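Below: run.cif (mmCIF, C-alpha atoms)
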data_query
#
loop_
_atom_site.label_atom_id
_atom_site.label_comp_id
_atom_site.auth_asym_id
_atom_site.auth_seq_id
_atom_site.Cartn_x
_atom_site.Cartn_y
_atom_site.Cartn_z
CA LEU A 1 52.01 -44.78 -33.81
CA LEU A 2 54.36 -42.32 -35.49
CA ASN A 3 57.87 -42.46 -33.99
CA VAL A 4 56.85 -45.09 -31.43
CA ASP A 5 59.51 -47.79 -30.89
CA PHE A 6 57.91 -50.02 -28.25
CA ILE A 7 54.32 -50.65 -27.19
CA GLN A 8 53.29 -51.86 -23.75
CA ILE A 9 50.05 -53.87 -24.16
CA SER A 10 48.17 -54.02 -20.85
CA CYS A 11 44.97 -55.61 -19.64
CA ILE A 12 43.53 -55.08 -16.18
CA SER A 13 43.14 -57.88 -13.66
CA LEU A 14 40.21 -58.17 -11.28
CA ASP A 15 42.35 -56.55 -8.57
CA GLY A 16 43.07 -53.58 -10.83
CA MET A 17 46.66 -54.62 -11.54
CA LEU A 18 48.18 -54.23 -15.00
CA LEU A 19 49.12 -57.40 -16.88
CA SER A 20 51.51 -56.24 -19.57
CA LYS A 21 53.71 -57.33 -22.43
CA VAL A 22 56.13 -55.02 -24.24
CA LEU A 23 56.56 -55.45 -27.98
CA PRO A 24 58.63 -53.68 -30.63
CA ILE A 25 56.46 -51.76 -33.04
CA SER A 26 57.04 -54.33 -35.82
CA SER A 27 55.53 -57.13 -33.71
CA PHE A 28 52.77 -54.89 -32.44
CA ARG A 29 51.33 -54.51 -35.93
CA ARG A 30 50.83 -58.28 -36.11
CA ALA A 31 49.33 -58.36 -32.61
CA LEU A 32 46.96 -55.59 -33.61
CA ARG A 33 45.49 -57.79 -36.33
CA HIS A 34 45.61 -61.24 -34.73
CA GLY A 35 45.83 -60.76 -30.98
CA LEU A 36 48.61 -61.41 -28.48
CA SER A 37 48.84 -64.66 -26.54
CA ILE A 38 48.65 -64.49 -22.77
CA TYR A 39 48.20 -66.89 -19.88
CA GLY A 40 44.47 -66.74 -19.19
CA HIS A 41 44.78 -67.53 -15.48
CA ALA A 42 46.65 -64.24 -14.99
CA GLN A 43 43.34 -62.38 -15.03
CA ALA A 44 42.52 -63.76 -11.57
CA GLN A 45 46.00 -63.50 -10.04
CA GLY A 46 46.46 -61.77 -6.71
CA LEU A 47 48.57 -58.69 -6.07
CA HIS A 48 51.67 -60.79 -5.49
CA ALA A 49 51.02 -63.34 -8.27
CA GLU A 50 49.00 -65.71 -6.08
CA ALA A 51 46.89 -68.13 -8.12
CA PRO A 52 43.58 -68.74 -6.31
CA ASN A 53 41.48 -71.78 -7.09
CA VAL A 54 38.94 -70.38 -9.56
CA ALA A 55 36.44 -72.70 -11.24
CA GLY A 56 36.69 -72.75 -15.02
CA LEU A 57 40.26 -71.50 -15.25
CA ASP A 58 42.98 -73.45 -16.98
CA SER A 59 45.93 -73.62 -14.57
CA SER A 60 48.14 -75.68 -16.86
CA GLY A 61 50.15 -72.66 -17.97
CA ARG A 62 48.85 -72.83 -21.54
CA ALA A 63 48.53 -69.48 -23.31
CA ASN A 64 44.77 -69.82 -23.69
CA GLY A 65 44.04 -66.08 -23.73
CA LEU A 66 44.40 -63.45 -26.43
CA LEU A 67 44.73 -59.71 -25.94
CA PHE A 68 43.03 -57.38 -28.41
CA VAL A 69 43.97 -53.73 -28.07
CA ASP A 70 41.89 -50.58 -28.23
CA LEU A 71 43.96 -47.90 -29.97
CA SER A 72 41.78 -45.15 -28.52
CA THR A 73 43.59 -45.77 -25.20
CA LEU A 74 47.07 -45.14 -26.66
CA MET A 75 49.19 -43.17 -24.19
CA ARG A 76 52.76 -42.04 -24.75
CA LYS A 77 55.19 -42.37 -21.87
CA PRO A 78 57.75 -39.58 -22.27
CA TRP A 79 59.17 -40.15 -18.78
CA CYS A 80 60.49 -43.49 -20.08
CA ALA A 81 62.48 -41.76 -22.83
CA GLY A 82 64.13 -38.92 -20.97
CA THR A 83 61.85 -36.21 -22.41
CA GLY A 84 59.80 -35.50 -19.29
CA PRO A 85 60.44 -32.94 -16.53
CA SER A 86 64.07 -32.80 -15.43
CA ARG A 87 63.35 -34.32 -12.02
CA VAL A 88 61.55 -37.25 -13.64
CA ALA A 89 63.56 -37.92 -16.77
CA VAL A 90 65.90 -40.90 -17.02
CA LYS A 91 68.20 -39.97 -19.89
CA ARG A 92 69.39 -43.32 -21.14
CA TRP A 93 68.25 -43.35 -24.74
CA SER A 94 65.78 -41.61 -27.04
CA THR A 95 63.42 -44.58 -27.31
CA CYS A 96 59.75 -43.70 -27.61
CA VAL A 97 57.48 -45.92 -25.49
CA ALA A 98 53.69 -45.97 -25.50
CA GLN A 99 51.03 -47.95 -23.69
CA VAL A 100 47.68 -49.24 -24.87
CA PHE A 101 44.90 -51.07 -23.02
CA ALA A 102 43.55 -54.40 -24.23
CA GLU A 103 40.76 -56.82 -23.43
CA MET A 104 41.26 -60.53 -22.97
CA GLN A 105 39.44 -63.09 -25.07
CA TRP A 106 39.69 -66.85 -24.79
CA ARG A 107 40.63 -69.29 -27.47
CA SER A 108 37.63 -71.43 -28.28
CA THR A 109 39.86 -74.25 -29.58
CA ASP A 110 43.28 -75.60 -28.64
CA THR A 111 46.05 -74.03 -30.67
CA ALA A 112 49.80 -74.00 -30.44
CA ASP A 113 51.34 -71.38 -28.19
CA HIS A 114 52.91 -68.55 -30.15
CA ALA A 115 53.80 -65.00 -29.22
CA VAL A 116 51.33 -63.83 -31.85
CA THR A 117 48.66 -66.20 -33.12
CA GLN A 118 47.00 -66.34 -36.51
CA VAL A 119 43.58 -67.52 -35.30
CA ALA A 120 41.98 -64.38 -33.94
CA GLU A 121 38.60 -65.42 -35.29
CA GLU A 122 38.52 -68.48 -33.00
CA THR A 123 38.01 -66.55 -29.78
CA VAL A 124 35.15 -65.78 -27.43
CA PRO A 125 34.86 -62.71 -25.14
CA LEU A 126 35.97 -63.26 -21.58
CA THR A 127 32.94 -62.22 -19.55
CA ALA A 128 35.13 -61.70 -16.48
CA ASP A 129 37.40 -59.14 -18.15
CA PRO A 130 36.79 -55.85 -16.27
CA ARG A 131 36.98 -53.59 -19.33
CA TYR A 132 34.77 -55.86 -21.42
CA VAL A 133 32.16 -55.98 -18.64
CA ALA A 134 32.19 -52.18 -18.34
CA ARG A 135 31.63 -51.80 -22.09
CA TRP A 136 28.87 -54.42 -21.99
CA SER A 137 27.01 -52.61 -19.20
CA LEU A 138 27.38 -49.28 -21.02
CA ALA A 139 26.00 -50.85 -24.20
CA LEU A 140 23.08 -52.23 -22.18
CA LEU A 141 22.31 -48.73 -20.95
CA HIS A 142 22.82 -47.21 -24.39
CA SER A 143 20.22 -49.60 -25.83
CA LYS A 144 17.69 -47.80 -23.62
CA GLY A 145 18.62 -44.45 -25.14
CA VAL A 146 20.80 -43.35 -22.25
CA THR A 147 24.34 -41.98 -22.21
CA VAL A 148 26.59 -42.08 -19.15
CA CYS A 149 28.91 -39.29 -18.12
CA SER A 150 31.13 -39.93 -15.11
CA ALA A 151 34.29 -38.82 -13.34
CA PHE A 152 36.65 -40.08 -10.64
CA HIS A 153 38.12 -37.99 -7.84
CA TYR A 154 41.14 -39.31 -5.91
CA ASP A 155 43.10 -38.62 -2.74
CA VAL A 156 46.63 -40.05 -2.76
CA GLU A 157 49.57 -40.05 -0.38
CA VAL A 158 53.20 -39.82 -1.43
CA PHE A 159 56.24 -40.95 0.53
CA ARG A 160 59.98 -41.12 0.04
CA ARG A 161 61.57 -44.56 -0.09
CA ASN A 162 64.19 -45.01 2.60
CA PHE A 163 66.21 -47.94 1.28
CA ALA A 164 68.69 -47.92 4.17
CA GLU A 165 65.99 -48.46 6.81
CA ASP A 166 63.50 -50.27 4.53
CA ARG A 167 60.67 -47.89 5.29
CA HIS A 168 58.83 -44.85 3.94
CA THR A 169 59.23 -41.30 5.21
CA ALA A 170 56.93 -38.30 4.81
CA LEU A 171 57.75 -35.48 2.40
CA GLU A 172 58.11 -31.81 3.18
CA ALA A 173 55.36 -29.51 1.93
CA GLU A 174 57.55 -27.96 -0.78
CA GLU A 175 58.64 -31.36 -2.06
CA THR A 176 55.03 -32.55 -2.23
CA GLU A 177 54.01 -29.48 -4.20
CA MET A 178 56.95 -29.98 -6.56
CA LEU A 179 55.89 -33.60 -7.13
CA ARG A 180 52.31 -32.49 -7.82
CA HIS A 181 53.55 -30.27 -10.63
CA ASP A 182 55.59 -33.18 -12.00
CA TYR A 183 52.44 -35.28 -12.09
CA ILE A 184 50.52 -32.56 -13.92
CA ASN A 185 53.31 -32.05 -16.48
CA CYS A 186 53.58 -35.77 -17.21
CA LEU A 187 49.80 -36.13 -17.54
CA GLU A 188 49.83 -33.31 -20.10
CA LEU A 189 52.79 -34.81 -21.98
CA ALA A 190 51.08 -38.20 -22.08
CA GLY A 191 47.93 -36.56 -23.42
CA CYS A 192 45.71 -39.10 -21.69
CA THR A 193 43.87 -37.52 -18.80
CA GLN A 194 42.14 -34.18 -18.36
CA LEU A 195 42.42 -32.78 -14.84
CA GLN A 196 39.67 -30.51 -13.59
CA LYS A 197 41.77 -29.41 -10.62
CA SER A 198 44.34 -30.62 -8.12
CA HIS A 199 45.68 -29.33 -4.85
CA THR A 200 47.74 -30.31 -1.81
CA LEU A 201 45.77 -31.39 1.27
CA ASP A 202 48.68 -32.02 3.63
CA ASN A 203 52.46 -32.42 3.59
CA ASN A 204 52.21 -35.71 1.74
CA GLN A 205 48.58 -35.92 0.62
CA LEU A 206 47.26 -34.73 -2.75
CA GLN A 207 43.79 -34.53 -4.25
CA PHE A 208 42.98 -34.82 -7.95
CA GLN A 209 39.66 -34.34 -9.69
CA LEU A 210 39.46 -35.81 -13.19
CA CYS A 211 37.23 -34.25 -15.79
CA ALA A 212 33.98 -35.99 -16.62
CA SER A 213 33.90 -38.11 -19.77
CA LYS A 214 31.34 -40.17 -21.58
CA GLY A 215 31.23 -43.95 -21.74
CA ILE A 216 34.27 -46.10 -21.12
CA THR A 217 36.62 -43.11 -21.45
CA SER A 218 36.11 -42.19 -17.80
CA ALA A 219 37.37 -45.56 -16.52
CA ASP A 220 40.20 -45.57 -19.09
CA GLN A 221 41.37 -42.17 -17.90
CA ALA A 222 41.19 -43.21 -14.25
CA GLN A 223 43.38 -46.24 -14.97
CA GLN A 224 45.82 -44.17 -17.02
CA PHE A 225 45.95 -41.59 -14.24
CA LYS A 226 46.99 -44.29 -11.76
CA VAL A 227 49.67 -45.55 -14.14
CA VAL A 228 51.19 -42.09 -14.59
CA LEU A 229 51.32 -41.29 -10.87
CA LYS A 230 52.81 -44.68 -9.97
CA GLU A 231 55.51 -44.65 -12.65
CA VAL A 232 56.51 -40.99 -12.24
CA SER A 233 56.83 -41.51 -8.48
CA ASP A 234 58.97 -44.59 -9.00
CA ARG A 235 61.34 -42.61 -11.24
CA THR A 236 62.10 -40.24 -8.37
CA ASP A 237 62.34 -42.91 -5.63
CA LYS A 238 58.93 -41.92 -4.27
CA VAL A 239 55.89 -44.04 -3.54
CA CYS A 240 52.40 -42.91 -4.51
CA THR A 241 49.72 -44.98 -2.82
CA PHE A 242 45.92 -45.12 -3.15
CA MET A 243 45.41 -47.37 -0.11
CA SER A 244 42.88 -45.94 2.34
CA LYS A 245 44.98 -45.63 5.50
CA PRO A 246 48.69 -46.52 5.30
CA TYR A 247 49.48 -45.73 8.96
CA SER A 248 47.47 -46.03 12.16
CA HIS A 249 48.42 -42.49 13.17
CA SER A 250 47.36 -40.95 9.83
CA GLN A 251 45.26 -37.84 10.37
CA HIS A 252 43.58 -38.26 6.98
CA VAL A 253 42.05 -41.19 5.15
CA ASN A 254 42.64 -41.44 1.41
CA LEU A 255 39.20 -41.25 -0.14
CA ALA A 256 37.86 -41.41 -3.66
CA SER A 257 34.51 -40.55 -5.18
CA TYR A 258 32.67 -41.57 -8.32
CA TRP A 259 30.55 -38.87 -9.97
CA PHE A 260 27.88 -40.21 -12.28
CA ARG A 261 25.03 -38.77 -14.33
CA LEU A 262 22.73 -39.84 -17.13
CA SER A 263 21.70 -37.94 -20.24
CA GLY A 264 19.22 -38.75 -22.96
CA LYS A 265 15.76 -40.03 -22.14
CA MET A 266 16.47 -40.32 -18.41
CA LEU A 267 17.73 -37.56 -16.15
CA PHE A 268 18.50 -37.55 -12.44
CA TYR A 269 17.06 -34.11 -11.91
CA ASP A 270 13.68 -32.55 -12.73
CA THR A 271 14.45 -28.90 -13.51
CA ARG A 272 10.77 -27.94 -13.52
CA GLU A 273 10.24 -29.18 -9.98
CA ASP A 274 13.83 -28.40 -8.91
CA GLU A 275 14.23 -31.81 -7.30
CA ILE A 276 15.47 -35.30 -8.13
CA SER A 277 13.29 -36.90 -10.80
CA CYS A 278 11.21 -40.04 -10.31
CA LEU A 279 13.61 -41.98 -12.53
CA GLY A 280 16.51 -40.59 -10.52
CA LYS A 281 14.89 -41.78 -7.30
CA LYS A 282 14.45 -45.28 -8.71
CA TRP A 283 18.06 -45.36 -9.93
CA LEU A 284 19.31 -44.19 -6.54
CA ALA A 285 17.14 -46.78 -4.79
CA GLY A 286 18.70 -49.53 -6.92
CA VAL A 287 22.22 -48.50 -5.94
CA ARG A 288 21.33 -48.25 -2.25
CA HIS A 289 19.51 -51.58 -2.36
CA HIS A 290 22.65 -53.37 -3.57
CA LEU A 291 25.15 -51.30 -1.58
CA PRO A 292 26.17 -54.03 0.94
CA ALA A 293 27.16 -56.29 -1.97
CA LEU A 294 28.75 -53.41 -3.88
CA CYS A 295 31.15 -52.83 -0.98
CA ALA A 296 33.17 -55.81 -2.27
CA ILE A 297 33.61 -53.84 -5.53
CA PHE A 298 33.93 -50.30 -4.17
CA ALA A 299 36.15 -51.21 -1.18
CA PRO A 300 38.08 -54.29 -2.36
CA THR A 301 40.89 -54.49 0.20
CA VAL A 302 41.17 -55.26 3.90
CA ASN A 303 42.63 -51.80 4.53
CA CYS A 304 39.52 -50.07 3.10
CA TYR A 305 37.58 -50.98 6.22
CA ARG A 306 39.87 -48.98 8.48
CA ARG A 307 37.36 -46.19 7.95
CA LYS A 308 34.84 -45.79 10.75
CA PRO A 309 31.90 -48.15 10.08
CA ARG A 310 28.63 -46.47 9.12
CA THR A 311 25.13 -47.65 9.90
CA THR A 312 23.55 -45.79 6.99
CA ASP A 313 24.46 -45.24 3.36
CA GLU A 314 23.17 -41.68 2.98
CA VAL A 315 26.62 -40.34 3.88
CA PHE A 316 28.10 -42.25 0.95
CA ILE A 317 25.48 -41.99 -1.82
CA SER A 318 23.93 -38.62 -2.61
CA VAL A 319 22.64 -36.46 -5.45
CA THR A 320 24.06 -32.98 -5.80
CA ARG A 321 23.81 -30.08 -8.22
CA CYS A 322 27.10 -28.44 -9.09
CA SER A 323 29.36 -27.39 -11.92
CA GLN A 324 31.55 -30.14 -13.30
CA SER A 325 33.86 -29.86 -16.30
CA SER A 326 33.14 -32.33 -19.06
CA GLU A 327 34.52 -33.07 -22.48
CA SER A 328 32.36 -31.99 -25.37
CA THR A 329 32.38 -33.65 -28.78
CA SER A 330 34.75 -30.94 -30.04
CA SER A 331 37.29 -31.89 -27.37
CA HIS A 332 36.93 -28.51 -25.66
CA LEU A 333 36.06 -28.23 -21.99
CA GLN A 334 32.69 -26.87 -21.07
CA SER A 335 31.03 -26.30 -17.69
CA THR A 336 27.60 -27.78 -17.07
CA THR A 337 25.34 -27.45 -14.06
CA THR A 338 23.32 -30.60 -13.57
CA ALA A 339 22.55 -33.32 -11.05
CA TRP A 340 25.26 -35.85 -10.22
CA LEU A 341 25.01 -39.04 -8.23
CA VAL A 342 28.08 -38.93 -5.98
CA ASN A 343 29.39 -42.18 -4.54
CA ASN A 344 31.85 -41.49 -1.73
CA LEU A 345 32.12 -45.14 -0.73
CA VAL A 346 34.48 -45.90 -3.62
CA SER A 347 38.08 -46.48 -2.56
CA GLY A 348 41.06 -45.33 -4.55
CA THR A 349 42.10 -48.99 -4.79
CA ALA A 350 38.87 -49.99 -6.55
CA ASN A 351 38.99 -51.18 -10.16
CA PRO A 352 37.41 -48.26 -12.11
CA TYR A 353 35.93 -50.58 -14.75
CA LEU A 354 34.15 -52.69 -12.14
CA VAL A 355 32.93 -49.57 -10.34
CA GLU A 356 31.33 -48.34 -13.55
CA ALA A 357 29.87 -51.73 -14.52
CA PHE A 358 28.30 -52.59 -11.16
CA SER A 359 27.01 -49.04 -10.60
CA ILE A 360 25.11 -49.28 -13.88
CA LEU A 361 23.71 -52.75 -13.14
CA ALA A 362 22.50 -51.70 -9.68
CA GLY A 363 20.90 -48.54 -11.06
CA LEU A 364 19.22 -50.45 -13.90
CA HIS A 365 17.70 -52.85 -11.39
CA GLY A 366 16.08 -49.88 -9.72
CA LEU A 367 14.70 -48.62 -13.03
CA GLU A 368 13.39 -52.02 -14.09
CA SER A 369 11.54 -52.63 -10.82
CA GLU A 370 7.82 -51.83 -10.82
CA SER A 371 8.09 -50.26 -7.39
CA THR A 372 10.97 -48.46 -5.72
CA LEU A 373 13.44 -50.97 -4.32
CA PRO A 374 13.77 -50.86 -0.53
CA VAL A 375 17.05 -49.72 0.98
CA SER A 376 18.89 -52.68 2.44
CA SER A 377 18.04 -53.04 6.14
CA GLN A 378 21.43 -54.48 7.03
CA PRO A 379 24.29 -52.14 7.99
CA LEU A 380 27.16 -51.70 5.61
CA PRO A 381 29.84 -54.40 5.98
CA SER A 382 32.55 -53.61 8.49
CA SER A 383 35.09 -55.98 6.88
CA LEU A 384 35.98 -57.36 3.48
CA ARG A 385 34.85 -60.81 4.60
CA GLU A 386 31.34 -59.49 5.28
CA ALA A 387 31.29 -57.61 1.97
CA VAL A 388 32.24 -60.73 -0.01
CA GLN A 389 29.49 -62.66 1.77
CA CYS A 390 26.96 -59.96 0.82
CA LEU A 391 28.07 -60.13 -2.82
CA GLU A 392 27.68 -63.91 -2.82
CA GLU A 393 24.13 -63.55 -1.46
CA ASP A 394 23.10 -60.87 -3.97
CA THR A 395 21.19 -63.00 -6.47
CA TYR A 396 20.52 -60.17 -8.92
CA LEU A 397 24.14 -59.10 -9.46
CA CYS A 398 25.37 -62.71 -9.52
CA SER A 399 22.75 -63.62 -12.13
CA LYS A 400 23.72 -60.72 -14.37
CA LEU A 401 27.46 -61.41 -14.23
CA PRO A 402 27.80 -64.99 -12.98
CA LYS A 403 31.36 -65.69 -14.11
CA LEU A 404 32.71 -62.33 -12.96
CA CYS A 405 31.07 -62.60 -9.53
CA ASP A 406 32.33 -66.17 -9.08
CA TRP A 407 35.85 -65.11 -9.96
CA LEU A 408 35.73 -62.02 -7.74
CA ILE A 409 34.57 -64.03 -4.74
CA SER A 410 37.25 -66.67 -5.36
CA VAL A 411 39.97 -64.04 -5.77
CA HIS A 412 38.98 -62.21 -2.60
CA ARG A 413 38.84 -65.38 -0.55
CA GLY A 414 41.90 -66.97 -2.14
CA THR A 415 44.16 -63.92 -1.84
CA HIS A 416 43.14 -61.06 0.48
CA LEU A 417 41.12 -63.00 3.04
CA SER A 418 43.47 -65.97 3.21
CA PHE A 419 46.48 -63.68 3.63
CA PHE A 420 44.76 -61.74 6.43
CA ALA A 421 42.99 -64.71 8.00
CA ASN A 422 43.78 -63.63 11.59
CA HIS A 423 43.61 -59.93 10.96
CA HIS A 424 41.54 -57.23 12.69
CA THR A 425 40.45 -54.24 10.61
CA SER A 426 37.72 -52.63 12.69
CA PRO A 427 38.73 -49.27 14.22
CA GLU A 428 36.76 -50.31 17.27
CA ASP A 429 39.27 -53.06 18.17
CA ALA A 430 40.34 -51.16 21.28
CA TYR A 431 41.56 -54.30 22.99
CA LEU A 432 44.50 -54.53 20.61
CA SER A 433 47.75 -53.11 21.87
CA THR A 434 49.55 -50.34 20.04
CA TYR A 435 52.20 -52.85 19.01
CA GLN A 436 49.58 -55.24 17.55
CA ILE A 437 47.87 -52.44 15.64
CA ASN A 438 51.17 -51.21 14.17
CA GLU A 439 52.09 -54.76 13.19
CA GLU A 440 48.79 -55.20 11.34
CA PHE A 441 49.21 -51.89 9.53
CA ALA A 442 52.73 -52.97 8.56
CA ARG A 443 51.34 -56.15 6.95
CA GLU A 444 48.76 -54.12 5.06
CA ARG A 445 51.40 -51.68 3.81
CA ASN A 446 53.58 -54.57 2.71
CA ARG A 447 50.73 -55.89 0.59
CA TYR A 448 48.96 -52.79 -0.66
CA MET A 449 51.14 -49.70 -0.42
CA GLU A 450 53.16 -50.06 -3.62
CA SER A 451 50.84 -52.50 -5.40
CA LEU A 452 47.71 -50.33 -5.45
#
Would it be possible to restate this file's structure as structure tokens?
Amino acid sequence: LLNVDFIQISCISLDGMLLSKVLPISSFRRALRHGLSIYGHAQAQGLHAEAPNVAGLDSSGRANGLLFVDLSTLMRKPWCAGTGPSRVAVKRWSTCVAQVFAEMQWRSTDTADHAVTQVAEETVPLTADPRYVARWSLALLHSKGVTVCSAFHYDVEVFRRNFAEDRHTALEAEETEMLRHDYINCLELAGCTQLQKSHTLDNNQLQFQLCASKGITSADQAQQFKVVLKEVSDRTDKVCTFMSKPYSHSQHVNLASYWFRLSGKMLFYDTREDEISCLGKKWLAGVRHHLPALCAIFAPTVNCYRRKPRTTDEVFISVTRCSQSSESTSSHLQSTTTAWLVNNLVSGTANPYLVEAFSILAGLHGLESESTLPVSSQPLPSSLREAVQCLEEDTYLCSKLPKLCDWLISVHRGTHLSFFANHHTSPEDAYLSTYQINEEFARERNRYMESL
């Protein structure tokens, strides 16, 4: 915390949005010890601050939540202090700003509302907090002698804001490449995320591959990566979006992938037989068995289903052998050749903590089953409404995380699905006119483009 003037304390909502409070460093030291008060209902808010009807939430406005930070996620934000690249810097003052992620806990007793409370010991973990759930699932796996190493790969699109016409315009190739270098410089200055590689796919589309990390670090880095790209773009009057398909005429679809492997007592690949191991097959079967329900986690927006519907999941879930950079204990990068479970169904708008948590739970179900779980016979959902229904009917996942699943279903139905009640997302809706299709894409952009 040396030379830091302000700290932005952020927790992650179910939709993957940041809920933040900014404190001077003097107040942060008290919050570090005792927690920071926050409105507990905010955890389930929609992208535009909608408050869905969620059972068990206090909607009275009382600050019934407390944020407890994890200093290992501390990230400096030099672009906020005028010390970043010249095209990004806003030279107003020499204030040093940093950001740290926190997890929400709930007060177990009624206490007075204060900015910083003195009753940190009277709290209980919020079992619907995405980061807490991810750590819980990792601990469950670690108790079996297994370590997780994972990485996120992202495609993003960048546009220029056109304030005069209230729309977004595409960038030239040189401008996109210049912005990519700005992103890389700011990621290095922040010291938060290790990039394996990045390159330009099209005039306004970029691809980034994050280095693999162990445990919760992978999801933390993915969330920090999103923060950096969003804020740096905003500083230059650009928009960086992770939504799957912003425009109906887009030639590309923004994809993401989640690379995942196990080490310890269980491995995905049998090197002696040069094929996927028996344990790997059972893990993979668990993920495929729950895949219809997992679509509500991996593809959490209406726009995600603009991709062509698939009748099989093999194109999304696979095991591959390749070289992937990973962080060693000495913080140096090393290249390892091993087997990775690659999930290409994950959208860039998905909450990385929930992706990690539910992937582990589905895989563990496969390992715990006496026989290999059957692949779900139903096709993958073609809409968010179908995916939410599949999640609600998945008794295993709902029994493992009952509060989180209840909240997720309520949030999806109370925000996304209610907002797009008369919406069509299937690419096969040929009966819609060009005008109707463009109008629906415009509503999706209005909701998702700058929020996710």
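Interatomic distance, atom CA of Leu262 of chain A to atom CA of Val146 of chain A: 6.5 Å.
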Just the number, please: distance in Å from atom CA of Leu18 of chain A to atom CA of His290 of chain A, one decimal.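 According to the coordinates, atom CA of Leu18 of chain A and atom CA of His290 of chain A are separated by 28.0 Å.
Proximity to Ala293 of chain A was assessed for A:Met243, A:Ala42, A:Ala151, A:Ala362 counting all atoms listed in the file; the smallest distance is recorded for A:Ala362.
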Applying 12 Å and all atoms listed in the file, which residues near Phe159 of chain A remain after dropping the ones on its own chain fewer than 3 positions away? List them as a PyMOL selection string. chain A and resi 156+162+167-173+175-176+179+203-206+230+233-234+236-242+246-247+449-450
Would you mind exporting the chosen residues as a PDB file, in the frame of the given file, restricted to C-alpha atoms?
ATOM      1  CA  VAL A 156      46.630 -40.050  -2.760  1.00  0.00           C
ATOM      2  CA  ASN A 162      64.190 -45.010   2.600  1.00  0.00           C
ATOM      3  CA  ARG A 167      60.670 -47.890   5.290  1.00  0.00           C
ATOM      4  CA  HIS A 168      58.830 -44.850   3.940  1.00  0.00           C
ATOM      5  CA  THR A 169      59.230 -41.300   5.210  1.00  0.00           C
ATOM      6  CA  ALA A 170      56.930 -38.300   4.810  1.00  0.00           C
ATOM      7  CA  LEU A 171      57.750 -35.480   2.400  1.00  0.00           C
ATOM      8  CA  GLU A 172      58.110 -31.810   3.180  1.00  0.00           C
ATOM      9  CA  ALA A 173      55.360 -29.510   1.930  1.00  0.00           C
ATOM     10  CA  GLU A 175      58.640 -31.360  -2.060  1.00  0.00           C
ATOM     11  CA  THR A 176      55.030 -32.550  -2.230  1.00  0.00           C
ATOM     12  CA  LEU A 179      55.890 -33.600  -7.130  1.00  0.00           C
ATOM     13  CA  ASN A 203      52.460 -32.420   3.590  1.00  0.00           C
ATOM     14  CA  ASN A 204      52.210 -35.710   1.740  1.00  0.00           C
ATOM     15  CA  GLN A 205      48.580 -35.920   0.620  1.00  0.00           C
ATOM     16  CA  LEU A 206      47.260 -34.730  -2.750  1.00  0.00           C
ATOM     17  CA  LYS A 230      52.810 -44.680  -9.970  1.00  0.00           C
ATOM     18  CA  SER A 233      56.830 -41.510  -8.480  1.00  0.00           C
ATOM     19  CA  ASP A 234      58.970 -44.590  -9.000  1.00  0.00           C
ATOM     20  CA  THR A 236      62.100 -40.240  -8.370  1.00  0.00           C
ATOM     21  CA  ASP A 237      62.340 -42.910  -5.630  1.00  0.00           C
ATOM     22  CA  LYS A 238      58.930 -41.920  -4.270  1.00  0.00           C
ATOM     23  CA  VAL A 239      55.890 -44.040  -3.540  1.00  0.00           C
ATOM     24  CA  CYS A 240      52.400 -42.910  -4.510  1.00  0.00           C
ATOM     25  CA  THR A 241      49.720 -44.980  -2.820  1.00  0.00           C
ATOM     26  CA  PHE A 242      45.920 -45.120  -3.150  1.00  0.00           C
ATOM     27  CA  PRO A 246      48.690 -46.520   5.300  1.00  0.00           C
ATOM     28  CA  TYR A 247      49.480 -45.730   8.960  1.00  0.00           C
ATOM     29  CA  MET A 449      51.140 -49.700  -0.420  1.00  0.00           C
ATOM     30  CA  GLU A 450      53.160 -50.060  -3.620  1.00  0.00           C
TER      31      GLU A 450
END
Which is closest to Leu380 of chain A among A:Ala296, A:Leu397, A:Cys192, A:Ala139, if we use all atoms listed in the file?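 Nearest candidate to Leu380 of chain A out of A:Ala296, A:Leu397, A:Cys192, A:Ala139: A:Ala296.
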